[in-house]
Structures are given as structure tokens and as C-alpha cells.
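Here's the structure, in C-alpha cells; my notes come after.
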Amino acid sequence: MKRVLLFVLLGALAGCGGQGGAKRPPQMVKTVLVGDVGGVGRDYVGMATADHSTNLAFKVGGQVTAFDVSDGEYVRAGRVVAEINPRDYQLAYDAARATYLASKSQYERAERLLARQAISQSEYETARNNYIGAESAYRNAGDVLQDTKLRTPIAGIVEKKYVDTYQRVGAGEVIVRIVDPVTHTVKFTMPESGIALLERPTLRFSVVFDSYPEITFSAKLKDWIRTSPDGTGVPVSLAVDMTEGYVAAPGMACTIHLEAGGDNHLTVVPLSAVFTPDTTSQAMVWRVVGDKVEATPVVLGALYGVDKVVAEGLQVGDRVVTAGVHKLSNGQSVTLMP
């Protein structure tokens, strides 16, 4: 009787063990073939901007008494473009000059008296300090008086006047903008999804100005901002190689052609294919090998387009899972969605 019960118990255990060790059915997964960074050609609308420009402002405040330039006028470097009423500053200068001359006379007299030991060393030091302070105030008053005349540091065109004659202005308030009339810079805005294109070694630019539709000028990337300051896109600046005999001026409209050749050494995958296990910070993808998935580490690069990323560690033609990546386990059997 005991022997029969023992066989029954072993049979029951064996049955339970067989059910627990049954293989799970293959997981159906959505996949995509890994591609390379293909060639791209795009056109953007841009505009020529000044290589050199400046917004001029007075260092002191007052009433504008002279503003003898017109919009569009060419001015040479160093020219006085505006003046403010110097009366109060002239009075301050005259007072500082009188104090300076008086303190200088007292200091020179103190030097002579000290040589004859007619005054103490402290009296001499007082006269000397008064002279130094008065000289500094005198020079500063002279500089302030000169600041009532606004001079342009560069030669250029008067692009815009911001105030009128006899208007009162404050220190630092912009009075006029001067721009260099000849430029080699064009700017345009591109979508944030195109940032990866700017990092390609095969990147090339060409520019066609609306004023010279028959000529294509080569250009090089000058600078760009990695973020979108106002949400409209990424500002990009190019340096244009102007052909002899042609001149670009600020404000000229143009079309920029961007061409970026493909790179077979760089692979791209959808962002949805990338995951990070809980046990490590290493980015990975599920690569389909046969009928199973294999966790494959990747090194992520720049974003590519809207929903892809450059990923090193894969080969063109590899198949990776793009949905449900957090539900899979290494070596799990899968079935591909049609």
C-alpha cells in the first residue's frame, strides 16, 4: 500500500514539473531593418546680414541738438553723427579745471616749502593728494564733455535713426544703427530635426541670391546655435565666397542649398528601439538573430530626423525590435509581425 502511494506522489510531482517547465509561445514583435545615414539635399530661404554693425548710444544723457545724418547715408569711421547739449557738462569741466589749477599751484608751493622745511611732511602730503584728486576729476570732466559728441567707430551705412533732433535721451539709449554695406554672411533657420546634418563631414552649401539668379556661390558653415531661441528653428550662419565683381549687401534675399552625402559607417535606428536595462546605464537594442532576440549594446549619437538616432554597434541590414522592448528577455523566441 505504501509503495503504491509513493508512485502516485512521484507521478503527481512529475506532472507538476512538466507543466512549470513548458516553453512560452514566441512573442510577436514589430521590427525594422537598420539603415545607414543616407544622402540629403534641402533648400532653405535666407538673407544676407552685416559682417560688422553697431548700435550707437551716448554715454551721458541730455537733449539732442544735432543729428546731421540721414537713413541710407554712408559715414566714415570717426565721424560725429550726433551731439547733445554740452552746456551743463561744459560748466562742470570749467569748474574741474579751475580746481585742478588751484590745487596744482598749492602742490608746487608745498614742494618748495618742504624743501626749506617750512611745512611738515603731512601738510605736503595733503597738498599732493588734493592735487592728484583734482587732476583726476579734471580729466574725467574732459572725457565726459567729449562724450557729448557721438562718433561712429566703423564706416558704414546709416541703417536706422531711433530718435529725432531736440529729443531728450538717456545714457545708453540707442540713437542710430550703422552697418557695413558689404557682407559675406547669410543666415537662415532650419528645423531642429536637421541638426544632425550640420555635423556631417560631407556637408556642403551653395547660395543663390535673388539679385544674381544666374550665379551660384559656394559657402561654408560659419556658426550655429544648438537650441531654438524662439521655438522657430535653429539659426545658422554661412560665410559666402563672393565671386569677383559681385557684392552682397545686408538684406539681400537668397536661397541656400544644403547637400550632405551619405555615410555607410553610421547606422540609424528608431528611438523606440532603444532601451536601458534597470541594472545598467548602457543603451541597448533587441537584435533579432534567427528566431530569438539578443540584447546588443549601442553607442548613441546625434538625433537623425524626427524619430531616429545615430547608433554605433550595429550593421546595416540588422533587424531590431521597435515596439514592446521592455517586455522582452535575452534569448526569448519571437515571431515577426508581417
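The chains in the C-alpha cells are called A, B, ... from first to last as shown; in each chain the residues are counted from 1, and the ligands are counted from 1 in the order shown.
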Where in stretch 60-277 of chain A does DSSP assign strand (DSSP E or B), given as a VMD selection string? chain A and resid 62 to 66 74 to 75 80 to 84 149 to 151 156 to 161 168 to 169 174 to 179 183 185 to 190 203 to 209 217 to 224 234 to 240 248 253 to 260 263 to 270 275
Residues near A:Ala248, cut-off 8 Å, only C-alpha atoms, skip fewer than 2 positions along chain, as a count of residues only: 8
Taking 4 positions as the minimum chain separation for residues in the same chain, which residues sit within 12 Å of stretch 84-93 of chain A when counting only C-alpha atoms? Answer as a compact mmCIF listing (two decimals) with C-alpha atoms, in the first residue's frame.
```txt
# COMPACT_ATOMS: atom_id res chain seq x y z
CA ALA A 57 24.45 105.39 -27.87
CA PHE A 58 25.63 108.34 -25.78
CA LYS A 59 27.45 107.61 -22.54
CA VAL A 60 25.72 110.62 -21.00
CA GLY A 61 22.15 111.88 -21.14
CA GLY A 62 20.77 115.14 -22.46
CA GLN A 63 18.95 116.88 -25.30
CA VAL A 64 19.99 116.03 -28.86
CA THR A 65 20.97 119.31 -30.53
CA ALA A 66 22.49 117.94 -33.74
CA PHE A 67 21.77 114.78 -35.74
CA VAL A 80 30.42 112.77 -35.43
CA ARG A 97 39.74 122.79 -14.47
CA ALA A 98 39.76 125.73 -12.02
CA THR A 99 40.03 123.39 -9.04
CA TYR A 100 42.82 121.48 -10.76
CA ALA A 134 41.71 117.40 -8.71
CA GLU A 135 43.70 116.21 -11.73
CA SER A 136 41.65 113.00 -11.95
CA ALA A 137 38.36 114.93 -11.71
CA TYR A 138 39.58 117.38 -14.37
CA ARG A 139 40.49 114.62 -16.82
CA ASN A 140 37.19 112.83 -16.19
CA ALA A 141 35.22 116.04 -16.80
CA GLY A 142 37.06 116.42 -20.10
CA ASP A 143 36.15 112.88 -21.14
CA VAL A 144 32.51 113.45 -20.23
CA LEU A 145 32.46 116.65 -22.29
CA GLN A 146 33.83 114.71 -25.26
CA ASP A 147 31.08 112.12 -24.77
CA THR A 148 28.51 114.74 -25.78
CA LYS A 149 29.66 114.05 -29.35
CA LEU A 150 28.70 110.62 -30.76
CA VAL A 163 15.48 109.47 -32.15
CA ASP A 164 14.89 112.96 -33.53
CA THR A 165 16.70 116.24 -33.06
CA TYR A 166 15.83 118.09 -29.79
CA GLN A 167 14.63 114.87 -28.19
CA ARG A 168 15.97 114.10 -24.72
CA VAL A 169 17.80 110.79 -24.43
CA GLY A 170 19.27 108.81 -21.57
CA ALA A 171 22.73 107.35 -21.23
CA ILE A 175 20.49 106.56 -31.15
```
Which residues come within 8 Å of A:Val299, counting only C-alpha atoms, excluding same-chain residues fewer than 5 positions away, as JSON, numbers by chain? {"A": [283, 311, 312, 313]}
Please save N, CA, C and O atoms of the selected residues as a PDB file, in the first residue's frame.
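In the end it all went to out_32.pdb:
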```pdb
ATOM      1  N   ALA A 283      22.939  51.882 -23.105  1.00  0.00           N
ATOM      2  CA  ALA A 283      21.849  51.845 -24.072  1.00  0.00           C
ATOM      3  C   ALA A 283      21.947  50.557 -24.895  1.00  0.00           C
ATOM      4  O   ALA A 283      23.041  50.140 -25.285  1.00  0.00           O
ATOM      5  N   ALA A 311      23.273  55.287 -34.133  1.00  0.00           N
ATOM      6  CA  ALA A 311      23.628  54.268 -33.136  1.00  0.00           C
ATOM      7  C   ALA A 311      24.805  53.435 -33.654  1.00  0.00           C
ATOM      8  O   ALA A 311      24.686  52.762 -34.683  1.00  0.00           O
ATOM      9  N   GLU A 312      25.931  53.497 -32.959  1.00  0.00           N
ATOM     10  CA  GLU A 312      27.095  52.683 -33.310  1.00  0.00           C
ATOM     11  C   GLU A 312      27.005  51.337 -32.598  1.00  0.00           C
ATOM     12  O   GLU A 312      26.530  51.252 -31.470  1.00  0.00           O
ATOM     13  N   GLY A 313      27.480  50.283 -33.275  1.00  0.00           N
ATOM     14  CA  GLY A 313      27.444  48.946 -32.702  1.00  0.00           C
ATOM     15  C   GLY A 313      26.577  47.990 -33.489  1.00  0.00           C
ATOM     16  O   GLY A 313      26.436  46.826 -33.130  1.00  0.00           O
TER      17      GLY A 313
END
```
Please give the complete set of residues from stretch 12-249 of chain A that DSSP, run on the backbone, assigns to alpha helix (DSSP H), formatted as a ChimeraX atom specification. /A:12-20,87-115,121-146
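In this model, the gap between atom CA of A:Lys327 and atom CA of A:Ala273 comes to 12.3 Å.
Across A:Thr126, A:Thr189, A:Ser53, A:Ser120, the tightest approach to A:Lys160 is made by A:Ser53 when counting only C-alpha atoms.
When only C-alpha atoms are used to compute distances to A:Ala323, the closest of the residues A:Ile132, A:Ser228, A:Ala155, A:Lys30 turns out to be A:Lys30.
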Gap from atom CA of A:Met284 to atom CA of A:Gln315 - Å, one decimal: 14.1 Å
Give me the residues near stretch 195-199 of chain A as a ChimeraX atom specification, where near means some atom within 8 Å (using only C-alpha atoms) and where sequence neighbours in that chain fewer than 2 positions away do not count. /A:191-193,201,203,226,234,260,302-305
Those selected residues, please, written with N, CA and C atoms and delivered as a PDB file, in the first residue's frame.
```
ATOM      1  N   PRO A 191      14.894  73.484 -39.273  1.00  0.00           N
ATOM      2  CA  PRO A 191      14.223  72.766 -38.179  1.00  0.00           C
ATOM      3  C   PRO A 191      15.229  72.060 -37.272  1.00  0.00           C
ATOM      4  N   GLU A 192      14.846  71.881 -36.014  1.00  0.00           N
ATOM      5  CA  GLU A 192      15.728  71.209 -35.060  1.00  0.00           C
ATOM      6  C   GLU A 192      16.064  69.791 -35.500  1.00  0.00           C
ATOM      7  N   SER A 193      15.178  69.158 -36.258  1.00  0.00           N
ATOM      8  CA  SER A 193      15.433  67.789 -36.711  1.00  0.00           C
ATOM      9  C   SER A 193      16.606  67.709 -37.675  1.00  0.00           C
ATOM     10  N   PRO A 201      30.643  65.281 -42.032  1.00  0.00           N
ATOM     11  CA  PRO A 201      31.867  65.778 -42.686  1.00  0.00           C
ATOM     12  C   PRO A 201      31.667  66.050 -44.168  1.00  0.00           C
ATOM     13  N   LEU A 203      29.201  67.679 -45.484  1.00  0.00           N
ATOM     14  CA  LEU A 203      28.264  68.791 -45.625  1.00  0.00           C
ATOM     15  C   LEU A 203      28.804  69.842 -46.595  1.00  0.00           C
ATOM     16  N   ARG A 226      22.788  75.483 -31.107  1.00  0.00           N
ATOM     17  CA  ARG A 226      22.241  74.136 -30.950  1.00  0.00           C
ATOM     18  C   ARG A 226      20.803  74.126 -30.446  1.00  0.00           C
ATOM     19  N   VAL A 234      16.528  76.433 -35.721  1.00  0.00           N
ATOM     20  CA  VAL A 234      17.928  76.641 -35.354  1.00  0.00           C
ATOM     21  C   VAL A 234      18.556  77.688 -36.275  1.00  0.00           C
ATOM     22  N   ALA A 260      24.272  66.970 -48.089  1.00  0.00           N
ATOM     23  CA  ALA A 260      25.050  66.140 -47.173  1.00  0.00           C
ATOM     24  C   ALA A 260      25.074  64.719 -47.717  1.00  0.00           C
ATOM     25  N   ALA A 302      23.988  61.613 -32.585  1.00  0.00           N
ATOM     26  CA  ALA A 302      23.050  62.727 -32.753  1.00  0.00           C
ATOM     27  C   ALA A 302      21.688  62.224 -33.219  1.00  0.00           C
ATOM     28  N   LEU A 303      20.668  63.026 -32.956  1.00  0.00           N
ATOM     29  CA  LEU A 303      19.344  62.724 -33.476  1.00  0.00           C
ATOM     30  C   LEU A 303      19.373  62.815 -34.995  1.00  0.00           C
ATOM     31  N   TYR A 304      18.567  61.981 -35.632  1.00  0.00           N
ATOM     32  CA  TYR A 304      18.510  61.953 -37.092  1.00  0.00           C
ATOM     33  C   TYR A 304      17.047  62.024 -37.494  1.00  0.00           C
ATOM     34  N   GLY A 305      16.674  63.152 -38.079  1.00  0.00           N
ATOM     35  CA  GLY A 305      15.272  63.331 -38.414  1.00  0.00           C
ATOM     36  C   GLY A 305      14.443  63.573 -37.163  1.00  0.00           C
TER      37      GLY A 305
END
```
Tell me, as an mmCIF file with N, CA and C atoms, in the first residue's frame, which residues lie within 10 Å of A:Val176, counting only C-alpha atoms; anything in the same chain fewer than 4 positions away does not count.
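Ended up saving to selection-v1.cif:
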```cif
data_model
loop_
_atom_site.group_PDB
_atom_site.id
_atom_site.type_symbol
_atom_site.label_atom_id
_atom_site.label_comp_id
_atom_site.auth_asym_id
_atom_site.auth_seq_id
_atom_site.Cartn_x
_atom_site.Cartn_y
_atom_site.Cartn_z
ATOM 1 N N THR A 54 26.893 98.156 -35.667
ATOM 2 C CA THR A 54 26.958 98.680 -34.302
ATOM 3 C C THR A 54 25.754 99.563 -34.019
ATOM 4 N N ASN A 55 25.254 99.477 -32.807
ATOM 5 C CA ASN A 55 24.217 100.371 -32.310
ATOM 6 C C ASN A 55 24.901 101.432 -31.456
ATOM 7 N N LEU A 56 24.788 102.681 -31.842
ATOM 8 C CA LEU A 56 25.481 103.758 -31.144
ATOM 9 C C LEU A 56 24.582 104.407 -30.102
ATOM 10 N N ALA A 57 25.182 104.739 -28.953
ATOM 11 C CA ALA A 57 24.447 105.393 -27.868
ATOM 12 C C ALA A 57 25.391 106.346 -27.137
ATOM 13 N N PHE A 67 21.867 116.169 -35.258
ATOM 14 C CA PHE A 67 21.773 114.783 -35.738
ATOM 15 C C PHE A 67 21.803 114.849 -37.263
ATOM 16 N N VAL A 69 22.728 113.228 -39.971
ATOM 17 C CA VAL A 69 22.863 112.101 -40.896
ATOM 18 C C VAL A 69 21.472 111.646 -41.296
ATOM 19 N N ASP A 71 18.999 108.375 -43.098
ATOM 20 C CA ASP A 71 18.911 106.937 -43.336
ATOM 21 C C ASP A 71 19.486 106.614 -44.719
ATOM 22 N N VAL A 81 28.203 111.809 -35.588
ATOM 23 C CA VAL A 81 26.879 111.626 -36.188
ATOM 24 C C VAL A 81 25.784 112.319 -35.383
ATOM 25 N N ALA A 82 26.049 112.615 -34.105
ATOM 26 C CA ALA A 82 25.034 113.288 -33.288
ATOM 27 C C ALA A 82 25.720 113.984 -32.113
ATOM 28 N N LEU A 150 28.790 112.048 -30.459
ATOM 29 C CA LEU A 150 28.700 110.621 -30.759
ATOM 30 C C LEU A 150 29.408 110.335 -32.076
ATOM 31 N N THR A 152 31.059 107.425 -34.811
ATOM 32 C CA THR A 152 30.921 106.030 -35.236
ATOM 33 C C THR A 152 32.296 105.363 -35.295
ATOM 34 N N VAL A 158 24.027 104.303 -42.585
ATOM 35 C CA VAL A 158 23.064 104.568 -41.518
ATOM 36 C C VAL A 158 21.820 103.732 -41.834
ATOM 37 N N GLU A 159 21.640 102.645 -41.085
ATOM 38 C CA GLU A 159 20.504 101.767 -41.342
ATOM 39 C C GLU A 159 19.214 102.327 -40.749
ATOM 40 N N LYS A 160 19.319 102.905 -39.529
ATOM 41 C CA LYS A 160 18.107 103.432 -38.906
ATOM 42 C C LYS A 160 18.456 104.447 -37.832
ATOM 43 N N LYS A 161 17.675 105.528 -37.778
ATOM 44 C CA LYS A 161 17.764 106.516 -36.707
ATOM 45 C C LYS A 161 16.608 106.266 -35.742
ATOM 46 N N TYR A 162 16.911 106.245 -34.453
ATOM 47 C CA TYR A 162 15.895 105.897 -33.459
ATOM 48 C C TYR A 162 15.337 107.102 -32.714
ATOM 49 N N VAL A 163 15.972 108.267 -32.838
ATOM 50 C CA VAL A 163 15.482 109.468 -32.150
ATOM 51 C C VAL A 163 15.512 110.632 -33.133
#
```
